[in-house]
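What follows is one structure encoded as structure tokens, with my remarks underneath.
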Amino acid sequence: MFKVEGRSGAAVLTMGVNLDYPSGPPDQLEVSVGGGSWEIVTLRGSWFTEAFEGPMSNLQRFVTGEDAALVSPLDDAIKTMALVEACYRSSERGATAIDPP
């Protein structure tokens with residue numbers, strides 16, 4: 001589960017497959033803006049399969065020359081790892097501020 005809290009609202013994302021791999025419940029996103037009521041946002045697919053299927057398929061097509069560019073280039077991977085490290089620090093300390101780009 002990821003919970004992001006801001007000054008004007010919050011979001012909670014539950015990634016179901018992580019709760020009971022490989023047959024966990026569907027992913028769920030809930031958001032609250034202002035007044036404190038929570039709304040469920042309709043999601044399609046699963047983050048787990050789509051997070052790997054698309055980039056891996058693109059990588060294979062890139063290697064064979066079918067795709068001209070990678071959808072997840074190295075600099076994107078470095079930014080992703082920076083986010084992962086911020087999550088680790090947040091878990092240890094209780095919160096981590098992320099500087100705006």
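FYI, nothing fancy with the structure tokens labels: chains A, B, ... in order, residues from 1 per chain, ligands from 1 as they appear.
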> Which residues in segment 17-100 of chain A does DSSP call strand (DSSP E)? List them as a PyMOL selection string.
Replying inline: chain A and resi 28-33+39-41
Would you write out, as a tab-separated table, a table of all residues in segment 30-95 of chain A that have an atom no more than 12 Å from an atom of segment 16-22 of chain A, listing for each the closest atom pair and the distance in Å to one decimal, considering only C-alpha atoms and ordering rows by chain and rising residue number?
residue	atom	partner	partner_atom	distance
A:Gly45	CA	A:Gly16	CA	11.3
A:Ser46	CA	A:Val17	CA	8.2
A:Trp47	CA	A:Val17	CA	8.8
A:Phe48	CA	A:Val17	CA	7.2
A:Thr49	CA	A:Val17	CA	9.6
> Could you work out how far atom CA of Ser72 of chain A lies from atom CA of Gly54 of chain A, giving the answer in Å with one decimal?
Replying inline: 9.5 Å
>> Show me, as a PyMOL selection string, the residues that have an atom within 12 Å of Ser32 of chain A when counting only C-alpha atoms, minus same-chain residues fewer than 5 positions from it.
In response: chain A and resi 3-13+37-41
Convert the current residue selection to file output with N, CA, C and O atoms, as a compact mmCIF listing (two decimals), in the first residue's frame.
# COMPACT_ATOMS: atom_id res chain seq x y z
N LYS A 3 0.58 5.39 0.57
CA LYS A 3 -0.27 6.49 1.00
C LYS A 3 0.50 7.77 0.79
O LYS A 3 1.63 7.92 1.26
N VAL A 4 -0.11 8.70 0.08
CA VAL A 4 0.51 9.99 -0.20
C VAL A 4 -0.42 11.05 0.39
O VAL A 4 -1.60 11.09 0.06
N GLU A 5 0.13 11.88 1.25
CA GLU A 5 -0.65 12.93 1.88
C GLU A 5 -0.09 14.29 1.49
O GLU A 5 1.12 14.49 1.50
N GLY A 6 -0.97 15.20 1.14
CA GLY A 6 -0.56 16.54 0.79
C GLY A 6 -1.37 17.56 1.57
O GLY A 6 -2.18 17.22 2.41
N ARG A 7 -1.18 18.81 1.24
CA ARG A 7 -1.90 19.88 1.94
C ARG A 7 -3.37 19.94 1.58
O ARG A 7 -4.19 20.39 2.37
N SER A 8 -3.69 19.47 0.37
CA SER A 8 -5.08 19.59 -0.10
C SER A 8 -5.78 18.25 -0.28
O SER A 8 -6.90 18.21 -0.76
N GLY A 9 -5.10 17.16 0.06
CA GLY A 9 -5.75 15.87 -0.12
C GLY A 9 -4.78 14.73 0.12
O GLY A 9 -3.64 14.93 0.55
N ALA A 10 -5.27 13.54 -0.16
CA ALA A 10 -4.46 12.35 0.04
C ALA A 10 -4.91 11.27 -0.93
O ALA A 10 -6.00 11.33 -1.50
N ALA A 11 -4.04 10.27 -1.12
CA ALA A 11 -4.37 9.13 -1.97
C ALA A 11 -3.80 7.87 -1.33
O ALA A 11 -2.73 7.90 -0.73
N VAL A 12 -4.54 6.77 -1.47
CA VAL A 12 -4.09 5.47 -0.99
C VAL A 12 -4.22 4.49 -2.15
O VAL A 12 -5.30 4.33 -2.72
N LEU A 13 -3.11 3.87 -2.50
CA LEU A 13 -3.09 2.89 -3.57
C LEU A 13 -2.75 1.53 -2.97
O LEU A 13 -1.71 1.38 -2.31
N SER A 37 -13.98 13.20 2.61
CA SER A 37 -14.63 12.00 2.06
C SER A 37 -13.68 11.35 1.05
O SER A 37 -12.93 12.01 0.35
N TRP A 38 -13.72 10.03 1.02
CA TRP A 38 -12.85 9.26 0.12
C TRP A 38 -13.65 8.75 -1.06
O TRP A 38 -14.79 8.31 -0.90
N GLU A 39 -13.04 8.81 -2.24
CA GLU A 39 -13.66 8.30 -3.46
C GLU A 39 -12.75 7.25 -4.08
O GLU A 39 -11.53 7.40 -4.10
N ILE A 40 -13.35 6.18 -4.59
CA ILE A 40 -12.59 5.13 -5.28
C ILE A 40 -12.46 5.52 -6.75
O ILE A 40 -13.45 5.87 -7.40
N VAL A 41 -11.25 5.46 -7.27
CA VAL A 41 -10.97 5.75 -8.67
C VAL A 41 -10.94 4.42 -9.42
O VAL A 41 -10.23 3.49 -9.02
